[in-house]
>>> print(open('structure29.csv').read())   # CSV, C-alpha atoms and all ligand atoms
chain,number,residue,atom,x,y,z
G,23,MET,CA,0.9,-15.1,20.0
G,24,LEU,CA,0.9,-18.9,20.5
G,25,THR,CA,-0.1,-21.1,17.7
G,26,GLY,CA,-0.2,-24.8,17.0
G,27,ARG,CA,1.6,-26.8,14.3
G,28,ARG,CA,0.6,-30.4,13.7
G,29,TYR,CA,2.6,-33.0,11.9
G,30,LEU,CA,2.1,-36.7,11.1
G,31,LEU,CA,4.4,-38.9,13.1
G,32,ALA,CA,6.1,-42.0,11.7
G,33,LEU,CA,6.5,-44.1,14.8
G,34,THR,CA,8.3,-47.5,14.8
G,35,ALA,CA,6.3,-50.5,16.1
G,36,GLU,CA,8.1,-50.3,19.5
G,37,GLN,CA,7.6,-46.6,19.7
G,38,GLU,CA,3.9,-47.0,18.9
G,39,GLU,CA,3.5,-49.6,21.6
G,40,PHE,CA,5.3,-47.4,24.1
G,41,ALA,CA,3.2,-44.4,23.1
G,42,GLU,CA,0.0,-46.4,23.7
G,43,LYS,CA,1.5,-47.3,27.2
G,44,ILE,CA,2.1,-43.6,28.0
G,45,GLY,CA,-1.4,-42.8,26.8
G,46,ASP,CA,-2.8,-45.5,29.1
G,47,ALA,CA,-0.8,-44.3,32.1
G,48,CYS,CA,-2.0,-40.7,31.6
G,49,ARG,CA,-5.6,-41.8,31.2
G,50,THR,CA,-5.3,-43.8,34.4
G,51,VAL,CA,-3.8,-40.9,36.2
G,52,TRP,CA,-6.5,-38.6,35.0
G,53,ASN,CA,-9.3,-40.9,36.1
G,54,THR,CA,-7.8,-41.8,39.5
G,55,ALA,CA,-7.0,-38.1,40.2
G,56,LEU,CA,-10.5,-37.1,39.1
G,57,GLU,CA,-12.1,-39.7,41.4
G,58,GLN,CA,-9.9,-38.5,44.3
G,59,ARG,CA,-10.9,-34.9,43.7
G,60,ARG,CA,-14.6,-35.9,43.7
G,61,GLU,CA,-14.2,-37.9,46.8
G,62,TYR,CA,-12.6,-35.0,48.6
G,63,ARG,CA,-15.4,-32.7,47.5
G,64,ARG,CA,-18.1,-35.1,48.6
G,65,ARG,CA,-16.6,-35.0,52.1
G,66,GLY,CA,-16.4,-31.2,52.0
G,67,GLY,CA,-12.6,-31.1,51.5
G,68,PHE,CA,-10.3,-30.2,48.6
G,69,ILE,CA,-7.2,-31.6,47.0
G,70,GLY,CA,-5.1,-29.6,44.5
G,71,TYR,CA,-2.3,-30.2,42.0
G,72,VAL,CA,0.6,-30.0,44.5
G,73,GLU,CA,-0.7,-32.7,46.8
G,74,GLN,CA,-1.8,-34.9,43.9
G,75,ALA,CA,1.6,-34.6,42.3
G,76,ARG,CA,3.3,-35.6,45.6
G,77,GLN,CA,1.1,-38.6,46.0
G,78,MET,CA,1.7,-39.7,42.4
G,79,ALA,CA,5.5,-39.6,43.0
G,80,GLU,CA,4.9,-41.8,46.0
G,81,ALA,CA,2.7,-44.2,44.1
G,82,LYS,CA,5.5,-44.8,41.5
G,83,LYS,CA,7.2,-47.0,44.1
G,84,ASP,CA,4.3,-49.4,44.1
G,85,PHE,CA,3.3,-49.2,40.4
G,86,PRO,CA,6.3,-49.7,38.2
G,87,TRP,CA,4.2,-49.1,35.0
G,88,LEU,CA,3.7,-45.6,36.3
G,89,SER,CA,7.4,-44.7,36.3
G,90,GLU,CA,7.8,-46.1,32.8
G,91,ALA,CA,6.0,-43.0,31.4
G,92,PRO,CA,7.9,-39.7,31.2
G,93,SER,CA,7.2,-38.0,34.5
G,94,HIS,CA,6.5,-34.6,33.0
G,95,THR,CA,3.6,-36.0,30.9
G,96,LEU,CA,2.0,-37.4,34.1
G,97,GLN,CA,2.4,-34.1,35.9
G,98,GLN,CA,1.0,-32.3,32.9
G,99,THR,CA,-2.0,-34.6,33.0
G,100,LEU,CA,-2.6,-33.5,36.7
G,101,ARG,CA,-2.3,-29.9,35.7
G,102,ASP,CA,-4.7,-30.3,32.8
G,103,LEU,CA,-7.1,-31.9,35.2
G,104,GLU,CA,-6.8,-29.1,37.6
G,105,LYS,CA,-7.5,-26.6,34.9
G,106,ALA,CA,-10.5,-28.6,33.7
G,107,CYS,CA,-11.9,-28.8,37.2
G,108,LYS,CA,-11.5,-25.1,37.7
G,109,THR,CA,-13.2,-24.3,34.4
G,110,HIS,CA,-16.0,-26.8,34.3
G,111,GLY,CA,-16.4,-27.9,37.9
G,112,THR,CA,-15.1,-31.1,39.5
G,113,PHE,CA,-18.3,-33.1,38.8
G,114,LYS,CA,-18.7,-32.1,35.2
G,115,VAL,CA,-15.2,-33.0,34.0
G,116,ARG,CA,-15.4,-36.2,32.0
G,117,TRP,CA,-13.7,-39.6,32.6
G,118,ARG,CA,-11.3,-40.7,29.9
G,119,SER,CA,-12.6,-44.0,28.7
G,120,LYS,CA,-10.3,-46.5,27.1
G,121,HIS,CA,-12.5,-46.8,24.0
G,122,LYS,CA,-13.9,-43.4,23.5
G,123,SER,CA,-10.9,-41.1,24.3
G,124,ALA,CA,-7.9,-41.4,22.0
G,125,PRO,CA,-4.5,-41.3,23.7
G,126,THR,CA,-2.9,-37.9,24.2
G,127,PHE,CA,0.0,-36.6,26.3
G,128,ARG,CA,2.0,-33.5,26.5
G,129,PHE,CA,5.7,-32.7,27.0
G,130,PRO,CA,5.5,-29.3,28.7
G,131,ASP,CA,9.2,-28.4,28.8
G,132,PRO,CA,10.9,-27.2,25.6
G,133,LYS,CA,14.3,-27.8,27.3
G,134,HIS,CA,13.7,-31.6,26.9
G,135,ILE,CA,12.5,-31.4,23.3
G,136,ALA,CA,14.9,-31.2,20.3
G,137,VAL,CA,13.6,-30.7,16.8
G,138,GLU,CA,15.6,-31.2,13.6
G,139,ARG,CA,15.0,-31.3,9.9
G,140,ILE,CA,16.7,-34.3,8.4
G,141,SER,CA,15.6,-34.0,4.8
G,142,ARG,CA,13.3,-32.2,2.5
G,143,ARG,CA,10.3,-34.3,3.6
G,144,TRP,CA,11.3,-35.5,7.0
G,145,GLY,CA,12.0,-34.0,10.4
G,146,ARG,CA,12.7,-35.6,13.7
G,147,VAL,CA,12.0,-34.7,17.3
G,148,LYS,CA,13.7,-36.1,20.5
G,149,LEU,CA,11.2,-36.7,23.3
G,150,PRO,CA,12.0,-37.9,26.8
G,151,LYS,CA,12.0,-41.7,27.0
G,152,LEU,CA,10.5,-42.1,23.5
G,153,GLY,CA,13.8,-41.0,21.9
G,154,TRP,CA,14.1,-39.7,18.3
G,155,VAL,CA,10.8,-40.0,16.4
G,156,ARG,CA,10.4,-39.0,12.8
G,157,PHE,CA,7.6,-36.8,11.4
G,158,ARG,CA,6.6,-35.6,8.0
G,159,TRP,CA,8.0,-32.1,7.6
G,160,THR,CA,5.1,-30.4,5.9
G,161,ARG,CA,5.8,-26.8,7.0
G,162,PRO,CA,8.3,-24.9,9.0
G,163,LEU,CA,8.0,-24.6,12.8
G,164,GLY,CA,7.9,-20.8,12.4
G,165,GLY,CA,8.7,-19.8,16.0
G,166,ASN,CA,10.0,-20.7,19.4
G,167,LEU,CA,8.9,-24.0,20.7
G,168,ARG,CA,6.8,-24.0,23.9
G,169,ASN,CA,5.6,-27.6,24.3
G,170,ALA,CA,4.7,-30.7,22.3
G,171,THR,CA,1.7,-32.9,22.4
G,172,VAL,CA,1.5,-36.4,21.0
G,173,LEU,CA,-1.9,-37.6,20.1
G,174,LYS,CA,-3.7,-40.3,18.1
G,175,ASP,CA,-6.5,-39.4,15.8
G,176,GLY,CA,-8.3,-41.7,13.4
G,177,GLY,CA,-5.7,-44.4,13.9
G,178,ARG,CA,-2.7,-42.2,13.2
G,179,TRP,CA,-0.2,-40.6,15.5
G,180,TYR,CA,0.5,-36.9,15.3
G,181,ILE,CA,2.7,-34.4,17.1
G,182,SER,CA,1.4,-30.9,17.7
G,183,PHE,CA,4.0,-28.3,18.5
G,184,CYS,CA,2.9,-25.1,20.3
G,185,VAL,CA,5.1,-22.2,19.2
G,186,GLU,CA,5.4,-18.6,20.0
G,187,ASP,CA,5.4,-17.0,16.5
G,188,GLY,CA,6.6,-13.5,17.7
G,189,LEU,CA,3.9,-11.9,15.6
G,190,VAL,CA,2.0,-9.0,17.3
G,191,ALA,CA,0.0,-7.7,14.3
G,192,SER,CA,0.4,-7.6,10.6
G,193,VAL,CA,0.3,-4.5,8.5
G,194,PRO,CA,-3.3,-4.0,7.2
G,195,ASN,CA,-3.5,-5.4,3.7
G,196,GLY,CA,-5.7,-2.6,2.5
G,197,GLY,CA,-8.1,-4.9,0.6
G,198,PRO,CA,-11.8,-4.1,0.1
G,199,PRO,CA,-14.2,-5.2,2.8
G,200,VAL,CA,-16.4,-8.3,2.3
G,201,GLY,CA,-19.5,-9.7,3.9
G,202,VAL,CA,-19.8,-13.5,4.4
G,203,ASP,CA,-22.9,-15.5,4.9
G,204,ARG,CA,-22.5,-18.9,6.4
G,205,GLY,CA,-25.3,-20.9,5.0
G,206,VAL,CA,-26.7,-24.4,5.3
G,207,ALA,CA,-27.1,-25.2,1.6
G,208,ILE,CA,-23.9,-23.4,0.6
G,209,ALA,CA,-21.1,-23.3,3.1
G,210,VAL,CA,-20.0,-19.8,2.4
G,211,ALA,CA,-21.4,-17.0,0.2
G,212,THR,CA,-19.7,-13.6,-0.1
G,213,SER,CA,-21.0,-10.2,-0.9
G,214,ASP,CA,-18.8,-10.0,-4.0
G,215,GLY,CA,-20.9,-12.8,-5.5
G,216,GLN,CA,-18.7,-15.9,-4.8
G,217,MET,CA,-19.9,-19.2,-3.3
G,218,ARG,CA,-17.5,-21.6,-1.8
G,219,ASP,CA,-18.6,-25.1,-1.0
G,220,ARG,CA,-17.2,-28.6,-1.0
G,221,LYS,CA,-18.6,-32.0,-0.4
G,222,PHE,CA,-16.9,-33.5,2.6
G,223,VAL,CA,-18.3,-37.0,2.3
G,224,THR,CA,-18.4,-38.9,-1.0
G,225,PRO,CA,-21.6,-41.1,-1.6
G,226,GLY,CA,-19.4,-44.2,-1.3
G,227,GLU,CA,-18.1,-43.0,2.0
G,228,ALA,CA,-21.5,-42.2,3.3
G,229,ALA,CA,-22.7,-45.7,2.4
G,230,ARG,CA,-19.6,-47.2,4.0
G,231,LEU,CA,-20.2,-45.2,7.2
G,232,ARG,CA,-23.8,-46.4,7.4
G,233,ARG,CA,-22.7,-50.0,6.9
G,234,LEU,CA,-20.0,-49.7,9.6
G,235,GLN,CA,-22.5,-48.1,12.0
G,236,GLN,CA,-24.9,-51.1,11.4
G,237,ARG,CA,-22.1,-53.5,12.0
G,238,LEU,CA,-21.2,-51.7,15.2
G,239,ASP,CA,-24.8,-52.0,16.5
G,240,ARG,CA,-24.8,-55.7,15.9
G,241,GLN,CA,-21.4,-56.5,17.5
G,242,LYS,CA,-20.9,-57.5,21.1
G,243,LYS,CA,-19.6,-54.7,23.4
G,244,GLY,CA,-16.0,-55.2,24.3
G,245,SER,CA,-15.3,-57.8,21.6
G,246,ASN,CA,-12.2,-57.6,19.3
G,247,ARG,CA,-14.3,-57.5,16.2
G,248,ARG,CA,-16.1,-54.5,17.5
G,249,ALA,CA,-12.9,-52.7,18.3
G,250,ALA,CA,-11.7,-53.4,14.7
G,251,THR,CA,-14.9,-51.9,13.3
G,252,ARG,CA,-14.6,-49.0,15.5
G,253,ALA,CA,-11.1,-48.3,14.3
G,254,LYS,CA,-12.3,-48.4,10.7
G,255,PHE,CA,-15.1,-46.0,11.5
G,256,ALA,CA,-12.6,-43.6,13.2
G,257,ARG,CA,-10.3,-43.7,10.3
G,258,LEU,CA,-13.0,-42.8,7.8
G,259,ASN,CA,-14.4,-40.1,10.1
G,260,ALA,CA,-10.9,-38.6,10.5
G,261,ARG,CA,-10.6,-38.4,6.7
G,262,VAL,CA,-13.9,-36.5,6.4
G,263,ARG,CA,-12.8,-34.2,9.3
G,264,ASN,CA,-9.4,-33.5,7.6
G,265,ARG,CA,-11.2,-32.5,4.4
G,266,ARG,CA,-13.4,-30.1,6.3
G,267,THR,CA,-10.5,-28.5,8.2
G,268,ASP,CA,-8.6,-28.1,5.0
G,269,PHE,CA,-11.6,-26.4,3.3
G,270,LEU,CA,-12.1,-24.0,6.2
G,271,ALA,CA,-8.4,-23.1,6.4
G,272,TRP,CA,-8.2,-22.5,2.6
G,273,THR,CA,-11.4,-20.4,2.6
G,274,ALA,CA,-10.3,-18.4,5.6
G,275,ASN,CA,-6.9,-17.8,4.1
G,276,GLN,CA,-8.3,-16.5,0.8
G,277,LEU,CA,-10.9,-14.3,2.4
G,278,THR,CA,-8.4,-12.6,4.8
G,279,ARG,CA,-5.7,-12.3,2.1
G,280,ASP,CA,-8.0,-10.6,-0.4
G,281,HIS,CA,-10.0,-8.4,2.0
G,282,GLY,CA,-9.0,-5.9,4.7
G,283,MET,CA,-12.2,-6.5,6.6
G,284,VAL,CA,-14.3,-9.6,6.8
G,285,VAL,CA,-17.8,-9.2,8.2
G,286,VAL,CA,-19.5,-12.3,9.6
G,287,GLU,CA,-22.7,-12.9,11.6
G,288,ASP,CA,-22.1,-13.5,15.2
G,289,LEU,CA,-24.1,-16.7,15.6
G,290,LYS,CA,-24.3,-18.4,18.9
G,291,ILE,CA,-23.6,-21.9,17.5
G,292,ARG,CA,-23.6,-23.6,20.9
G,293,ASN,CA,-27.1,-22.2,21.6
G,294,MET,CA,-28.5,-23.0,18.2
G,295,THR,CA,-27.3,-26.6,18.3
G,296,ALA,CA,-28.0,-27.4,21.9
G,297,SER,CA,-31.6,-26.1,22.3
G,298,ALA,CA,-33.6,-28.4,20.1
G,299,LYS,CA,-33.9,-31.3,22.5
G,300,GLY,CA,-35.1,-29.1,25.4
G,301,SER,CA,-35.4,-30.4,28.9
G,302,PRO,CA,-37.7,-33.2,30.2
G,303,ALA,CA,-39.9,-30.5,31.8
G,304,GLU,CA,-39.9,-28.4,28.6
G,305,PRO,CA,-39.4,-30.6,25.6
G,306,GLY,CA,-38.3,-28.8,22.5
G,307,THR,CA,-40.4,-28.5,19.4
G,308,HIS,CA,-39.5,-29.7,15.9
G,309,VAL,CA,-36.7,-31.7,17.5
G,310,ARG,CA,-36.2,-33.8,14.3
G,311,ALA,CA,-36.2,-30.9,11.9
G,312,LYS,CA,-33.8,-28.9,14.1
G,313,GLY,CA,-31.7,-32.0,14.5
G,314,GLY,CA,-31.3,-32.1,10.8
G,315,LEU,CA,-30.4,-28.4,10.7
G,316,ASN,CA,-28.0,-28.8,13.6
G,317,ARG,CA,-26.2,-31.6,11.8
G,318,ALA,CA,-26.0,-29.4,8.7
G,319,ILE,CA,-24.6,-26.5,10.6
G,320,LEU,CA,-22.0,-28.6,12.3
G,321,ALA,CA,-21.2,-30.4,9.1
G,322,LYS,CA,-20.4,-27.1,7.4
G,323,GLY,CA,-18.3,-26.1,10.4
G,324,TRP,CA,-19.4,-22.6,11.2
G,325,GLY,CA,-17.5,-22.5,14.4
G,326,GLY,CA,-14.5,-23.8,12.7
G,327,LEU,CA,-14.7,-21.2,10.0
G,328,LEU,CA,-14.8,-18.3,12.5
G,329,PHE,CA,-11.9,-19.8,14.4
G,330,SER,CA,-9.9,-20.1,11.2
G,331,LEU,CA,-10.8,-16.6,10.1
G,332,GLU,CA,-9.6,-15.0,13.3
G,333,HIS,CA,-6.4,-17.0,13.1
G,334,LYS,CA,-5.6,-16.2,9.5
G,335,ALA,CA,-6.6,-12.6,9.8
G,336,ARG,CA,-3.6,-12.0,12.1
G,337,TYR,CA,-1.2,-13.2,9.5
G,338,ASN,CA,-2.9,-11.6,6.5
G,339,GLY,CA,-3.4,-8.1,7.9
G,340,SER,CA,-7.2,-8.4,7.9
G,341,ARG,CA,-9.8,-7.9,10.6
G,342,ILE,CA,-12.9,-9.8,11.5
G,343,VAL,CA,-16.0,-7.9,12.4
G,344,ARG,CA,-19.0,-9.6,13.9
G,345,VAL,CA,-22.5,-8.2,13.6
G,346,PRO,CA,-25.7,-9.5,15.2
G,347,PRO,CA,-27.7,-11.8,12.8
G,348,ALA,CA,-30.9,-9.7,12.4
G,349,TYR,CA,-33.1,-10.3,9.4
G,350,THR,CA,-30.1,-10.5,7.0
G,351,SER,CA,-31.9,-13.3,5.0
G,352,GLN,CA,-35.2,-11.4,4.7
G,353,THR,CA,-34.0,-7.8,4.0
G,354,CYS,CA,-33.7,-6.5,0.5
G,355,ASN,CA,-30.2,-5.2,0.0
G,356,SER,CA,-31.4,-2.8,-2.7
G,357,CYS,CA,-34.2,-0.9,-0.9
G,358,GLY,CA,-34.2,-2.2,2.7
G,359,HIS,CA,-37.7,-3.7,2.6
G,360,CYS,CA,-37.8,-6.5,5.1
G,361,ALA,CA,-40.3,-9.3,4.9
G,362,PRO,CA,-40.3,-13.1,5.1
G,363,GLU,CA,-42.0,-13.4,1.7
G,364,ASN,CA,-38.9,-11.8,0.1
G,365,ARG,CA,-37.2,-15.1,0.4
G,366,GLU,CA,-38.9,-17.2,-2.3
G,367,SER,CA,-36.9,-20.3,-1.6
G,368,GLN,CA,-33.7,-21.6,-0.2
G,369,ALA,CA,-31.8,-20.1,-3.1
G,370,VAL,CA,-33.9,-17.3,-4.6
G,371,PHE,CA,-34.5,-13.8,-3.1
G,372,ARG,CA,-37.0,-11.5,-4.8
G,373,CYS,CA,-38.0,-8.3,-3.1
G,374,ARG,CA,-41.8,-7.7,-2.9
G,375,ALA,CA,-41.3,-3.9,-2.8
G,376,CYS,CA,-38.8,-3.1,-5.5
G,377,GLY,CA,-38.4,-6.4,-7.4
G,378,HIS,CA,-34.7,-6.7,-6.7
G,379,GLN,CA,-33.7,-10.3,-7.4
G,380,ALA,CA,-30.6,-12.1,-6.3
G,381,ASN,CA,-29.2,-15.3,-4.9
G,382,ALA,CA,-30.6,-15.5,-1.3
G,383,ASP,CA,-27.2,-16.2,0.3
G,384,ILE,CA,-25.4,-13.5,-1.6
G,385,ASN,CA,-28.2,-11.0,-0.8
G,386,ALA,CA,-27.7,-11.9,2.9
G,387,ALA,CA,-23.9,-11.5,2.6
G,388,CYS,CA,-24.4,-8.0,1.2
G,389,ASN,CA,-26.6,-7.1,4.2
G,390,ILE,CA,-24.0,-8.5,6.5
G,391,LEU,CA,-21.3,-6.3,4.8
G,392,ALA,CA,-23.6,-3.2,5.1
G,393,ALA,CA,-24.1,-3.9,8.8
G,394,GLY,CA,-20.4,-4.3,9.3
G,395,LEU,CA,-19.7,-1.0,7.5
G,396,ALA,CA,-22.3,0.7,9.7
G,397,VAL,CA,-20.8,-0.5,13.0
G,398,THR,CA,-17.3,0.4,11.9
G,399,GLY,CA,-18.5,3.8,10.7
G,400,ARG,CA,-17.3,3.3,7.2
G,401,GLY,CA,-20.6,2.8,5.3
G,402,ASP,CA,-23.8,4.7,4.7
G,403,LEU,CA,-26.1,4.2,7.6
G,404,ALA,CA,-29.1,3.1,5.6
G,405,VAL,CA,-28.9,-0.3,7.2
G,406,GLY,CA,-29.6,1.2,10.6
G,407,ARG,CA,-32.8,2.7,9.2
G,408,SER,CA,-34.0,-0.6,8.0
G,409,ALA,CA,-33.8,-1.9,11.5
G,410,LYS,CA,-36.9,0.2,12.4
G,411,ARG,CA,-38.9,-1.4,9.7
G,412,GLN,CA,-38.3,-4.8,10.9
G,413,PRO,CA,-41.5,-6.9,11.5
G,414,PRO,CA,-42.3,-8.4,15.0
G,415,VAL,CA,-40.2,-11.4,15.8
G,416,THR,CA,-41.4,-14.6,14.3
G,417,VAL,CA,-39.9,-17.9,15.1
G,418,ALA,CA,-38.7,-19.8,12.1
G,419,ALA,CA,-39.1,-23.6,12.6
K,501,ZN,ZN,-36.2,-4.1,-2.5
>>> encode(input="structure29.csv", output="structure tokens")
Amino acid sequence: MLTGRRYLLALTAEQEEFAEKIGDACRTVWNTALEQRREYRRRGGFIGYVEQARQMAEAKKDFPWLSEAPSHTLQQTLRDLEKACKTHGTFKVRWRSKHKSAPTFRFPDPKHIAVERISRRWGRVKLPKLGWVRFRWTRPLGGNLRNATVLKDGGRWYISFCVEDGLVASVPNGGPPVGVDRGVAIAVATSDGQMRDRKFVTPGEAARLRRLQQRLDRQKKGSNRRAATRAKFARLNARVRNRRTDFLAWTANQLTRDHGMVVVEDLKIRNMTASAKGSPAEPGTHVRAKGGLNRAILAKGWGGLLFSLEHKARYNGSRIVRVPPAYTSQTCNSCGHCAPENRESQAVFRCRACGHQANADINAACNILAAGLAVTGRGDLAVGRSAKRQPPVTVAA
């Protein structure tokens, strides 16, 4: 299996300037080649990678800045573009804007990349034209190198190595199964009664983000001051994002290490977050309320958690089971009675039939576990019975 390893780069001032240049060249190649593809399509024709790569090689004679960049990174940009056009359609692929898209470029050939560890904390990698660049050695590479991507994120430069880890499947760890509810108020609640959550933004940071946003709104587009504010904004956002990634990886690692099976709800996050606005013909309802919910969902990183779980499960000998999200928050885990009134509040669940009382998210996690055991044929099938007692579909705003 292929997996990514990301390290913080320590570029010298010259290297940083050069990396910016390579990023600029790749962005220009992307945009020019995309416009060319669109122009061909408008006229009913088609141009593919091979012809574009040939033309780019020609263009190097007239544009010296183009031949300054490592040629493989430019070719890789054309390949990435071809893939993007095939997946999303030529007219849906986005432009790479100078301000909004951070520089990124890939060295596709491991033969031209050399990685060394030089001390306990530092490693270095030799890249075409950039030469030796140092990076913080925070973890072993753990496999055969396939390619390397240099990217800038939140004002810092990183290198991401794609490695083949040679791992097919781990031995099942034999731990007990667990159900996981991914909530809005609490990031993760488990059927064994644990809640995991973390604040990703401190109050001070939230205030600072607000102030920076206001300053951005006032500043003139394209001005240097605006660019400086934007950089500060990006740095702060990156810090918040790193904290979230860290939390998700940590949670996913613990869950898959301690449990042989992790059952999660198969929520269509894209659908849930995209639908609120609706279309001009059919405007959505409760746009504001849903907007808040969407932000909360995205802020807790549900998609990210699922991604992390699948990834860590491979290493920890666990398996991830997805079950459809049906009435898990309204059904009593003790007797199976299903009614919206069961959920007294965001936090409290109290069954109207049998009086069972529990934390609402943990009750839901228990239902998710039961559903997972039912589909894998390991549990009692009482959960299947409760499905017949479900009330008609009501849309929760
Ligand atoms: Zn009950």
>>> closest_residue(input="structure29.csv", among="G:Arg128, G:Gln235, G:Arg374, G:Ala75", to="Arg248 in chain G", atoms="all atoms listed in the file")
G:Gln235
>>> closest_atom_pairs(input="structure29.csv", of="range 132-200 of chain G", to="range 25-48 of chain G", cutoff="9 Å", atoms="all atoms listed in the file", output="tab-separated table")
residue	atom	partner	partner_atom	distance
G:Arg146	CA	G:Leu31	CA	9.0
G:Leu152	CA	G:Gln37	CA	6.6
G:Gly153	CA	G:Gln37	CA	8.6
G:Val155	CA	G:Leu33	CA	6.2
G:Arg156	CA	G:Ala32	CA	5.4
G:Phe157	CA	G:Leu31	CA	4.2
G:Arg158	CA	G:Leu30	CA	5.6
G:Trp159	CA	G:Tyr29	CA	7.0
G:Thr160	CA	G:Tyr29	CA	7.0
G:Arg161	CA	G:Arg27	CA	8.4
G:Pro162	CA	G:Arg27	CA	8.8
G:Leu163	CA	G:Arg27	CA	6.9
G:Gly164	CA	G:Arg27	CA	8.9
G:Val172	CA	G:Ala41	CA	8.4
G:Leu173	CA	G:Gly45	CA	8.5
G:Arg178	CA	G:Leu30	CA	7.6
G:Trp179	CA	G:Leu31	CA	5.5
G:Tyr180	CA	G:Leu30	CA	4.5
G:Ile181	CA	G:Tyr29	CA	5.4
G:Ser182	CA	G:Arg28	CA	4.1
G:Phe183	CA	G:Arg27	CA	5.1
G:Cys184	CA	G:Gly26	CA	4.5
G:Val185	CA	G:Thr25	CA	5.5
G:Glu186	CA	G:Thr25	CA	6.5
G:Asp187	CA	G:Thr25	CA	7.0
>>> closest_atom_pairs(input="structure29.csv", of="chain G", to="ligand ZN 501 (chain K)", cutoff="7 Å", atoms="only C-alpha atoms and all ligand atoms", output="CSV")
residue,atom,partner,partner_atom,distance
G:Cys354,CA,K:ZN501,ZN,4.6
G:Asn355,CA,K:ZN501,ZN,6.6
G:Ser356,CA,K:ZN501,ZN,5.0
G:Cys357,CA,K:ZN501,ZN,4.1
G:Gly358,CA,K:ZN501,ZN,5.9
G:His359,CA,K:ZN501,ZN,5.3
G:Cys373,CA,K:ZN501,ZN,4.6
G:Arg374,CA,K:ZN501,ZN,6.7
G:Ala375,CA,K:ZN501,ZN,5.1
G:Cys376,CA,K:ZN501,ZN,4.1
G:Gly377,CA,K:ZN501,ZN,5.8
G:His378,CA,K:ZN501,ZN,5.2
>>> write_last_selection(input="structure29.csv", atoms="C-alpha atoms", output="mmCIF file, in the coordinates of the input")
data_model
loop_
_atom_site.group_PDB
_atom_site.id
_atom_site.type_symbol
_atom_site.label_atom_id
_atom_site.label_comp_id
_atom_site.auth_asym_id
_atom_site.auth_seq_id
_atom_site.Cartn_x
_atom_site.Cartn_y
_atom_site.Cartn_z
ATOM 1 C CA CYS G 354 -33.700 -6.500 0.500
ATOM 2 C CA ASN G 355 -30.200 -5.200 0.000
ATOM 3 C CA SER G 356 -31.400 -2.800 -2.700
ATOM 4 C CA CYS G 357 -34.200 -0.900 -0.900
ATOM 5 C CA GLY G 358 -34.200 -2.200 2.700
ATOM 6 C CA HIS G 359 -37.700 -3.700 2.600
ATOM 7 C CA CYS G 373 -38.000 -8.300 -3.100
ATOM 8 C CA ARG G 374 -41.800 -7.700 -2.900
ATOM 9 C CA ALA G 375 -41.300 -3.900 -2.800
ATOM 10 C CA CYS G 376 -38.800 -3.100 -5.500
ATOM 11 C CA GLY G 377 -38.400 -6.400 -7.400
ATOM 12 C CA HIS G 378 -34.700 -6.700 -6.700
#
>>> atom_distance(input="structure29.csv", atom1="CA of Lys221 in chain G", atom2="CA of Ser351 in chain G")
23.6 Å
>>> closest_residue(input="structure29.csv", among="G:Arg240, G:Arg252, G:Trp324, G:His333", to="Asn275 in chain G", atoms="all atoms listed in the file")
G:His333
>>> closest_residue(input="structure29.csv", among="G:Ala249, G:Cys360, G:Ala209, G:Ala274", to="Lys120 in chain G", atoms="all atoms listed in the file")
G:Ala249
